[in-house]
Number of protein chains: 2
Amino acid sequence: MAKVEPRTLSGFMELLPAPQVKMEKMMETLRRCYSVYGFTPLDTPVIESSEVLLAKGGGETEKQIYRFNKGDSDIALRFDLTVPLAKYVAQNYGQLVFPFRRYQIGKVYRGERAQRGRFREFYQADIDIIGDGKLDIINEAEIPAIIYRSFSELGLKRFRIKVNNRKILNGFFSLAGMTDKATEIMHTIDKMDKIGANKVRQILMDEIHMFSHKADDIMDFMAINGSVAEVLEALERYKGMDETFDMGLEELKTVTKYLADFGVPEENFAIDLSIARGLDYYTGTVYETEMLDHPEIGSVCSGGRYDNLAEYYTDKQLPGVGISIGLTRLFYVLNEQGMLSDEIVSAPADALVIPMGEELGYAIAAATAMRDAGVRTQLYCEKKKFKAKMSYADKLQIPYCVLIGEDEMAAGVVAVKNMASGEQQLLTPAEAAKLIKEDMDCRNKIAVIKEI
Amino acid sequence: MAKVEPRTLSGFMELLPAPQVKMEKMMETLRRCYSVYGFTPLDTPVIESSEVLLAKGGGETEKQIYRFNKGDSDIALRFDLTVPLAKYVAQNYGQLVFPFRRYQIGKVYRGERAQRGRFREFYQADIDIIGDGKLDIINEAEIPAIIYRSFSELGLKRFRIKVNNRKILNGFFSLAGMTDKATEIMHTIDKMDKIGANKVRQILMDEIHMFSHKADDIMDFMAINGSVAEVLEALERYKGMDETFDMGLEELKTVTKYLADFGVPEENFAIDLSIARGLDYYTGTVYETEMLDHPEIGSVCSGGRYDNLAEYYTDKQLPGVGISIGLTRLFYVLNEQGMLSDEIVSAPADALVIPMGEELGYAIAAATAMRDAGVRTQLYCEKKKFKAKMSYADKLQIPYCVLIGEDEMAAGVVAVKNMASGEQQLLTPAEAAKLIKEDMDCRNKIAVIKEI
């Protein structure tokens, strides 16, 4: 029979079993962290009506989208989780309780040019808090705590959550009489990390046609840095001249005031006035998260406050704050950098039960007892030589082999072999289960990311 | 601004938060059960090349598939998880260790005619065990144990795993000289549950043109029932006349021999000779699972043994055995029948921390301590009246409110209110966390399905 070549489309991540376990562990960690802050899980369709998905319209998005017809329907695959959320909240407004806190970890689709490290199908892991009409600033202050816990539990230590406030930027531009150019300027500033301060200054003068002293004002402002206290003090100098600026500064003070109570250490946090976020709909606090040893990767968790989530679907004013982790890309980068821990158990089973003879009843009962105790147990009964059976456990890095021969059956025990140490001991099935479960519970606490 | 009507496409399930939590719980339960049998999680793309996905071809599938072009690529959305598995195993053959045991819970797409309870996007929860060249019969014997544990942990008691063996059927047809009509006959028999024995007999005579005594032979054979021992005994009568039949009977004996050791009670298991499974590629044991009080739903978990998983992609002989749960449909049916438990905690948080005054530091620190202890905690700081805050907790059915006023702060405690009992007590944040965590750990053991 003629064969079709089995292949996966370019730009689609498909992992081998061991790395997939690490990816699952990352998702599980995020689910747990998001849950602990009182977010409810949501799952929306991958396919939506094109009219709904593209209500906002916009250039780049529309070019990249997977859009097609099925029967009479013009449909498309979601390109983020925010638009489906907006639809969901508008559609179910009467049945939701606000503030509505949801997380969603799901695949989204963008037909980008295929290149190394760029994906057309990728997971986003989002949280959002949506208010009905109003949403208290404390929600913006809580976000860094969620980012901090999430990355800490993933195993990362050397990262920094960088925060800014769009009102501070807008206010400053207004002060400087550059409101009409604010969007352009912000887009330019957003490139600071990538192209450097000099090039930004050059663009401000050449392309946005600013006088050099105005460009200098902006560059001076953007150069403000230091500890949270130092930056806030420097910003005080601009106070009292613009209402929006003052409001932004107050918000920033509130966001930073409770950091310690929220459990975020100072070294994992900074105010960075150069952060504007490319997206136009942020109106208050904005967030980026940088891996200190890999700034070249860019932000691994970003988001911010917006005033109107669902304006394309409803007249209701729905302000919110949210962040998103590009999980597939983060996983790819961590893997490339060798930062995924090899200490976590990525075997499909904790124990491989190997009966030595023909009679299987005892081995099956032992495996069943171990499973009842929560040990991930595989029963291996293929007709192979003993060496091949052990080699199977070796190749899959299964931590324990449980050997059952005539002697063990007669004595009502099993021989438990620790595959790492080579140590072997005779135990009852219940004792074996306890030993293995305790070791696994311990090893399952190992974080998925390992800093080098 | 003109609004787009927010809507979800017909045939796509999108749940409100509380039912979504139940769906998540079902998936979590299945992940745990599958893991405990040593299956590794896999995640393959939703989109595949049409050539790969449709390698087998075939009528119904091709009509229902979501297929479209993006750039030069002819691509399609997966319509099951088996074809992507076949591709995956063929593609990664050299890097996998066999027997290869994987589970996958993922969305698949079929553009079926929209009707109540039929979904175009739905979850399948699959497991498969793939051998390289050979696969021991014990794997087929293990499957009922996995089905049993999965449904038991979901909370179902009144269900029956029905098993048959295609070799027994094929052998019997060969004996009766009806091999050339075996496929047709099996497809007809497959409808037994739906249309009844009389109608099946009629079709056998009228449409498959069998003599009445041959049809009677078949109907007699199919009428064999009773306990496992009784059915096996009845089948002994046909033994020694056809090699395939004898092989099938031996397999069936092995599959049933170890049931008790595998932990499957007799009352949850039966041999049912009328089960053939519509799909043509099963070659040995086949499985269906029936909810005893809802036979009208049909099988909620089906599968079987096949000889060649990936013949369209590779020359390697890859026999396997697998089962699939149509999770979205199962959830829909359970919900319709009122069989989803209302006792499980479907609130987004275990505790709502409500600070009474302006100073938030103490409340934030208390919430942080509770989160550190694993309590799903929401901090509620919206500027609302006390009554509105309690009503928020009520509406979301959050089990505990943690109230913090001046007195509590002065005393270093919090007031913990059990929302169900109304009982209120003063505890340190650590004590509060412990109390709530223990209660939640207990309540989280409640199964998602409740039989009425």
# chains A, B, ... in the order shown; residues from 1 in each chain; ligands from 1

call {"tool": "select_by_dssp", "arguments": {"residues": "stretch 259-438 of chain B", "states": "strand (DSSP E or B)", "output": "ChimeraX atom specification"}}
result
/B:269-271,282-291,302-306,320-326,340,351-355,377-379,400-404,414-418,424-427

call {"tool": "closest_atom_pairs", "arguments": {"of": "stretch 89-193 of chain B", "to": "stretch 199-208 of chain B", "cutoff": "10 Å", "atoms": "only C-alpha atoms", "output": "CSV"}}
result
residue,atom,partner,partner_atom,distance
B:Lys181,CA,B:Ile208,CA,7.6
B:Glu184,CA,B:Ile208,CA,7.4
B:Ile185,CA,B:Leu204,CA,7.0
B:Thr188,CA,B:Val200,CA,6.3
B:Ile189,CA,B:Val200,CA,6.5
B:Asp190,CA,B:Val200,CA,9.2
B:Lys191,CA,B:Val200,CA,7.4
B:Met192,CA,B:Val200,CA,6.4
B:Asp193,CA,B:Val200,CA,9.8

call {"tool": "closest_residue", "arguments": {"among": "B:Arg78, B:Lys162, B:Lys157, B:Arg102", "to": "chain A", "atoms": "only C-alpha atoms"}}
result
B:Arg102

call {"tool": "closest_residue", "arguments": {"among": "A:Tyr380, A:Tyr400, A:Phe159, A:Tyr312", "to": "chain B", "atoms": "only C-alpha atoms"}}
result
A:Tyr312

call {"tool": "closest_atom_pairs", "arguments": {"of": "stretch 194-220 of chain A", "to": "stretch 270-279 of chain A", "cutoff": "12 Å", "atoms": "only C-alpha atoms", "output": "Markdown table"}}
result
| residue | atom | partner | partner_atom | distance |
| --- | --- | --- | --- | --- |
| A:Lys194 | CA | A:Ser274 | CA | 11.7 |
| A:Gly196 | CA | A:Ser274 | CA | 11.1 |
| A:Ala197 | CA | A:Ser274 | CA | 10.1 |
| A:Val200 | CA | A:Ser274 | CA | 10.9 |
| A:Ile218 | CA | A:Ser274 | CA | 10.0 |
| A:Met219 | CA | A:Ser274 | CA | 9.5 |
| A:Asp220 | CA | A:Leu273 | CA | 10.7 |

call {"tool": "write_last_selection", "arguments": {"atoms": "N, CA, C and O atoms", "output": "PDB file, in the first residue's frame"}}
result
ATOM      1  N   LYS A 194      14.711  46.995  22.655  1.00  0.00           N
ATOM      2  CA  LYS A 194      15.217  46.363  21.435  1.00  0.00           C
ATOM      3  C   LYS A 194      16.241  47.213  20.705  1.00  0.00           C
ATOM      4  O   LYS A 194      17.251  46.690  20.218  1.00  0.00           O
ATOM      5  N   GLY A 196      17.490  50.479  21.790  1.00  0.00           N
ATOM      6  CA  GLY A 196      18.341  51.344  22.600  1.00  0.00           C
ATOM      7  C   GLY A 196      17.869  52.783  22.622  1.00  0.00           C
ATOM      8  O   GLY A 196      17.095  53.223  21.763  1.00  0.00           O
ATOM      9  N   ALA A 197      18.365  53.523  23.622  1.00  0.00           N
ATOM     10  CA  ALA A 197      17.899  54.887  23.871  1.00  0.00           C
ATOM     11  C   ALA A 197      18.255  55.851  22.731  1.00  0.00           C
ATOM     12  O   ALA A 197      17.446  56.685  22.325  1.00  0.00           O
ATOM     13  N   VAL A 200      15.961  55.502  19.827  1.00  0.00           N
ATOM     14  CA  VAL A 200      14.626  56.004  20.163  1.00  0.00           C
ATOM     15  C   VAL A 200      14.615  57.526  20.042  1.00  0.00           C
ATOM     16  O   VAL A 200      13.721  58.115  19.421  1.00  0.00           O
ATOM     17  N   ILE A 218      11.773  63.907  27.147  1.00  0.00           N
ATOM     18  CA  ILE A 218      11.245  62.538  27.165  1.00  0.00           C
ATOM     19  C   ILE A 218      12.324  61.544  27.585  1.00  0.00           C
ATOM     20  O   ILE A 218      12.094  60.677  28.428  1.00  0.00           O
ATOM     21  N   MET A 219      13.506  61.723  27.023  1.00  0.00           N
ATOM     22  CA  MET A 219      14.586  60.789  27.348  1.00  0.00           C
ATOM     23  C   MET A 219      14.964  60.901  28.834  1.00  0.00           C
ATOM     24  O   MET A 219      15.229  59.894  29.486  1.00  0.00           O
ATOM     25  N   ASP A 220      14.965  62.104  29.370  1.00  0.00           N
ATOM     26  CA  ASP A 220      15.244  62.295  30.806  1.00  0.00           C
ATOM     27  C   ASP A 220      14.207  61.568  31.654  1.00  0.00           C
ATOM     28  O   ASP A 220      14.540  60.878  32.622  1.00  0.00           O
TER      29      ASP A 220
END

call {"tool": "closest_residue", "arguments": {"among": "B:Ile446, B:Ala393, B:Leu252, B:Leu235", "to": "chain A", "atoms": "only C-alpha atoms"}}
result
B:Ala393

call {"tool": "residues_around", "arguments": {"residues": "A:Lys257", "least_positions_apart": "6", "cutoff": "10 Å", "atoms": "only C-alpha atoms", "output": "MDAnalysis selection string"}}
result
(chainID A and resid 141 228:229 251) or (chainID B and resid 361)

call {"tool": "write_last_selection", "arguments": {"atoms": "all heavy atoms", "output": "PDB file, in the first residue's frame"}}
result
ATOM      1  N   ALA A 141      -3.025  45.926  41.917  1.00  0.00           N
ATOM      2  CA  ALA A 141      -1.913  45.685  42.847  1.00  0.00           C
ATOM      3  C   ALA A 141      -1.692  44.200  43.084  1.00  0.00           C
ATOM      4  O   ALA A 141      -0.595  43.762  43.435  1.00  0.00           O
ATOM      5  CB  ALA A 141      -2.196  46.382  44.174  1.00  0.00           C
ATOM      6  N   VAL A 228      11.905  51.267  43.912  1.00  0.00           N
ATOM      7  CA  VAL A 228      10.533  51.762  43.847  1.00  0.00           C
ATOM      8  C   VAL A 228      10.434  53.131  44.522  1.00  0.00           C
ATOM      9  O   VAL A 228       9.882  54.085  43.963  1.00  0.00           O
ATOM     10  CB  VAL A 228       9.559  50.761  44.522  1.00  0.00           C
ATOM     11  CG1 VAL A 228       8.185  51.383  44.739  1.00  0.00           C
ATOM     12  CG2 VAL A 228       9.444  49.494  43.674  1.00  0.00           C
ATOM     13  N   ALA A 229      11.039  53.259  45.715  1.00  0.00           N
ATOM     14  CA  ALA A 229      10.981  54.518  46.451  1.00  0.00           C
ATOM     15  C   ALA A 229      11.656  55.642  45.667  1.00  0.00           C
ATOM     16  O   ALA A 229      11.149  56.769  45.598  1.00  0.00           O
ATOM     17  CB  ALA A 229      11.644  54.352  47.820  1.00  0.00           C
ATOM     18  N   GLU A 251      -2.155  55.837  41.507  1.00  0.00           N
ATOM     19  CA  GLU A 251      -2.374  54.410  41.231  1.00  0.00           C
ATOM     20  C   GLU A 251      -1.082  53.621  41.408  1.00  0.00           C
ATOM     21  O   GLU A 251      -1.060  52.545  41.992  1.00  0.00           O
ATOM     22  CB  GLU A 251      -2.930  54.221  39.813  1.00  0.00           C
ATOM     23  CG  GLU A 251      -4.358  54.723  39.657  1.00  0.00           C
ATOM     24  CD  GLU A 251      -4.920  54.497  38.255  1.00  0.00           C
ATOM     25  OE1 GLU A 251      -4.226  53.874  37.419  1.00  0.00           O
ATOM     26  OE2 GLU A 251      -6.051  54.953  37.992  1.00  0.00           O
TER      27      GLU A 251
ATOM     28  N   GLY B 361      -3.526  46.499  54.403  1.00  0.00           N
ATOM     29  CA  GLY B 361      -2.306  45.702  54.585  1.00  0.00           C
ATOM     30  C   GLY B 361      -2.543  44.410  55.352  1.00  0.00           C
ATOM     31  O   GLY B 361      -2.084  43.341  54.936  1.00  0.00           O
TER      32      GLY B 361
END

call {"tool": "closest_residue", "arguments": {"among": "A:Tyr88, A:Tyr258, A:Tyr34, A:Phe100", "to": "B:Glu5", "atoms": "only C-alpha atoms"}}
result
A:Tyr88

call {"tool": "closest_residue", "arguments": {"among": "A:Gly240, A:Gly106, A:Pro348, A:Gly338", "to": "chain B", "atoms": "only C-alpha atoms"}}
result
A:Pro348

call {"tool": "closest_residue", "arguments": {"among": "B:Phe79, B:Phe211, B:Tyr313, B:Phe221", "to": "chain A", "atoms": "only C-alpha atoms"}}
result
B:Tyr313

call {"tool": "atom_distance", "arguments": {"atom1": "atom CA of A:Thr256", "atom2": "atom CA of A:Gly171"}}
result
19.3 Å

call {"tool": "decode", "arguments": {"residues": "stretch 295-314 of chain A", "atoms": "N, CA, C and O atoms", "output": "compact mmCIF listing (two decimals), in the first residue's frame"}}
result
# COMPACT_ATOMS: atom_id res chain seq x y z
N PRO A 295 17.22 38.66 28.86
CA PRO A 295 16.40 39.81 28.44
C PRO A 295 16.08 39.76 26.95
O PRO A 295 15.09 40.34 26.50
N GLU A 296 16.91 39.03 26.20
CA GLU A 296 16.71 38.98 24.75
C GLU A 296 15.39 38.33 24.36
O GLU A 296 14.87 38.53 23.26
N ILE A 297 14.83 37.53 25.27
CA ILE A 297 13.57 36.84 25.00
C ILE A 297 12.39 37.82 25.01
O ILE A 297 11.37 37.58 24.38
N GLY A 298 12.57 38.92 25.69
CA GLY A 298 11.46 39.86 25.84
C GLY A 298 10.59 39.44 27.00
O GLY A 298 10.94 38.57 27.78
N SER A 299 9.41 40.05 27.09
CA SER A 299 8.54 39.80 28.24
C SER A 299 7.89 38.42 28.15
O SER A 299 7.38 38.02 27.11
N VAL A 300 7.91 37.68 29.27
CA VAL A 300 7.30 36.35 29.30
C VAL A 300 5.91 36.37 29.93
O VAL A 300 5.22 35.35 29.94
N CYS A 301 5.52 37.51 30.44
CA CYS A 301 4.17 37.64 30.99
C CYS A 301 3.81 39.13 30.98
O CYS A 301 4.48 39.93 31.62
N SER A 302 2.80 39.49 30.23
CA SER A 302 2.47 40.89 30.04
C SER A 302 0.98 41.11 30.18
O SER A 302 0.19 40.18 30.06
N GLY A 303 0.63 42.37 30.39
CA GLY A 303 -0.78 42.69 30.46
C GLY A 303 -1.00 44.07 31.00
O GLY A 303 -0.08 44.90 30.97
N GLY A 304 -2.19 44.31 31.50
CA GLY A 304 -2.47 45.63 32.03
C GLY A 304 -3.94 45.86 32.27
O GLY A 304 -4.77 44.96 32.13
N ARG A 305 -4.20 47.08 32.64
CA ARG A 305 -5.56 47.53 32.95
C ARG A 305 -6.18 48.14 31.71
O ARG A 305 -5.53 48.90 30.99
N TYR A 306 -7.43 47.79 31.46
CA TYR A 306 -8.16 48.38 30.34
C TYR A 306 -9.53 48.85 30.85
O TYR A 306 -10.03 48.36 31.86
N ASP A 307 -10.11 49.81 30.13
CA ASP A 307 -11.34 50.42 30.63
C ASP A 307 -12.60 49.80 30.07
O ASP A 307 -13.68 49.96 30.63
N ASN A 308 -12.46 49.10 28.96
CA ASN A 308 -13.67 48.66 28.28
C ASN A 308 -13.42 47.38 27.50
O ASN A 308 -13.00 47.40 26.36
N LEU A 309 -13.70 46.26 28.14
CA LEU A 309 -13.39 44.97 27.55
C LEU A 309 -14.20 44.68 26.30
O LEU A 309 -13.66 44.21 25.31
N ALA A 310 -15.48 44.95 26.34
CA ALA A 310 -16.39 44.37 25.35
C ALA A 310 -17.17 45.40 24.56
O ALA A 310 -18.31 45.19 24.18
N GLU A 311 -16.54 46.53 24.29
CA GLU A 311 -17.28 47.64 23.68
C GLU A 311 -17.84 47.31 22.30
O GLU A 311 -18.76 47.97 21.84
N TYR A 312 -17.30 46.28 21.65
CA TYR A 312 -17.81 45.94 20.32
C TYR A 312 -19.09 45.11 20.40
O TYR A 312 -19.77 44.91 19.41
N TYR A 313 -19.38 44.62 21.63
CA TYR A 313 -20.54 43.72 21.77
C TYR A 313 -21.65 44.29 22.66
O TYR A 313 -22.76 43.80 22.63
N THR A 314 -21.28 45.26 23.52
CA THR A 314 -22.27 45.71 24.50
C THR A 314 -22.01 47.16 24.91
O THR A 314 -20.89 47.65 24.80
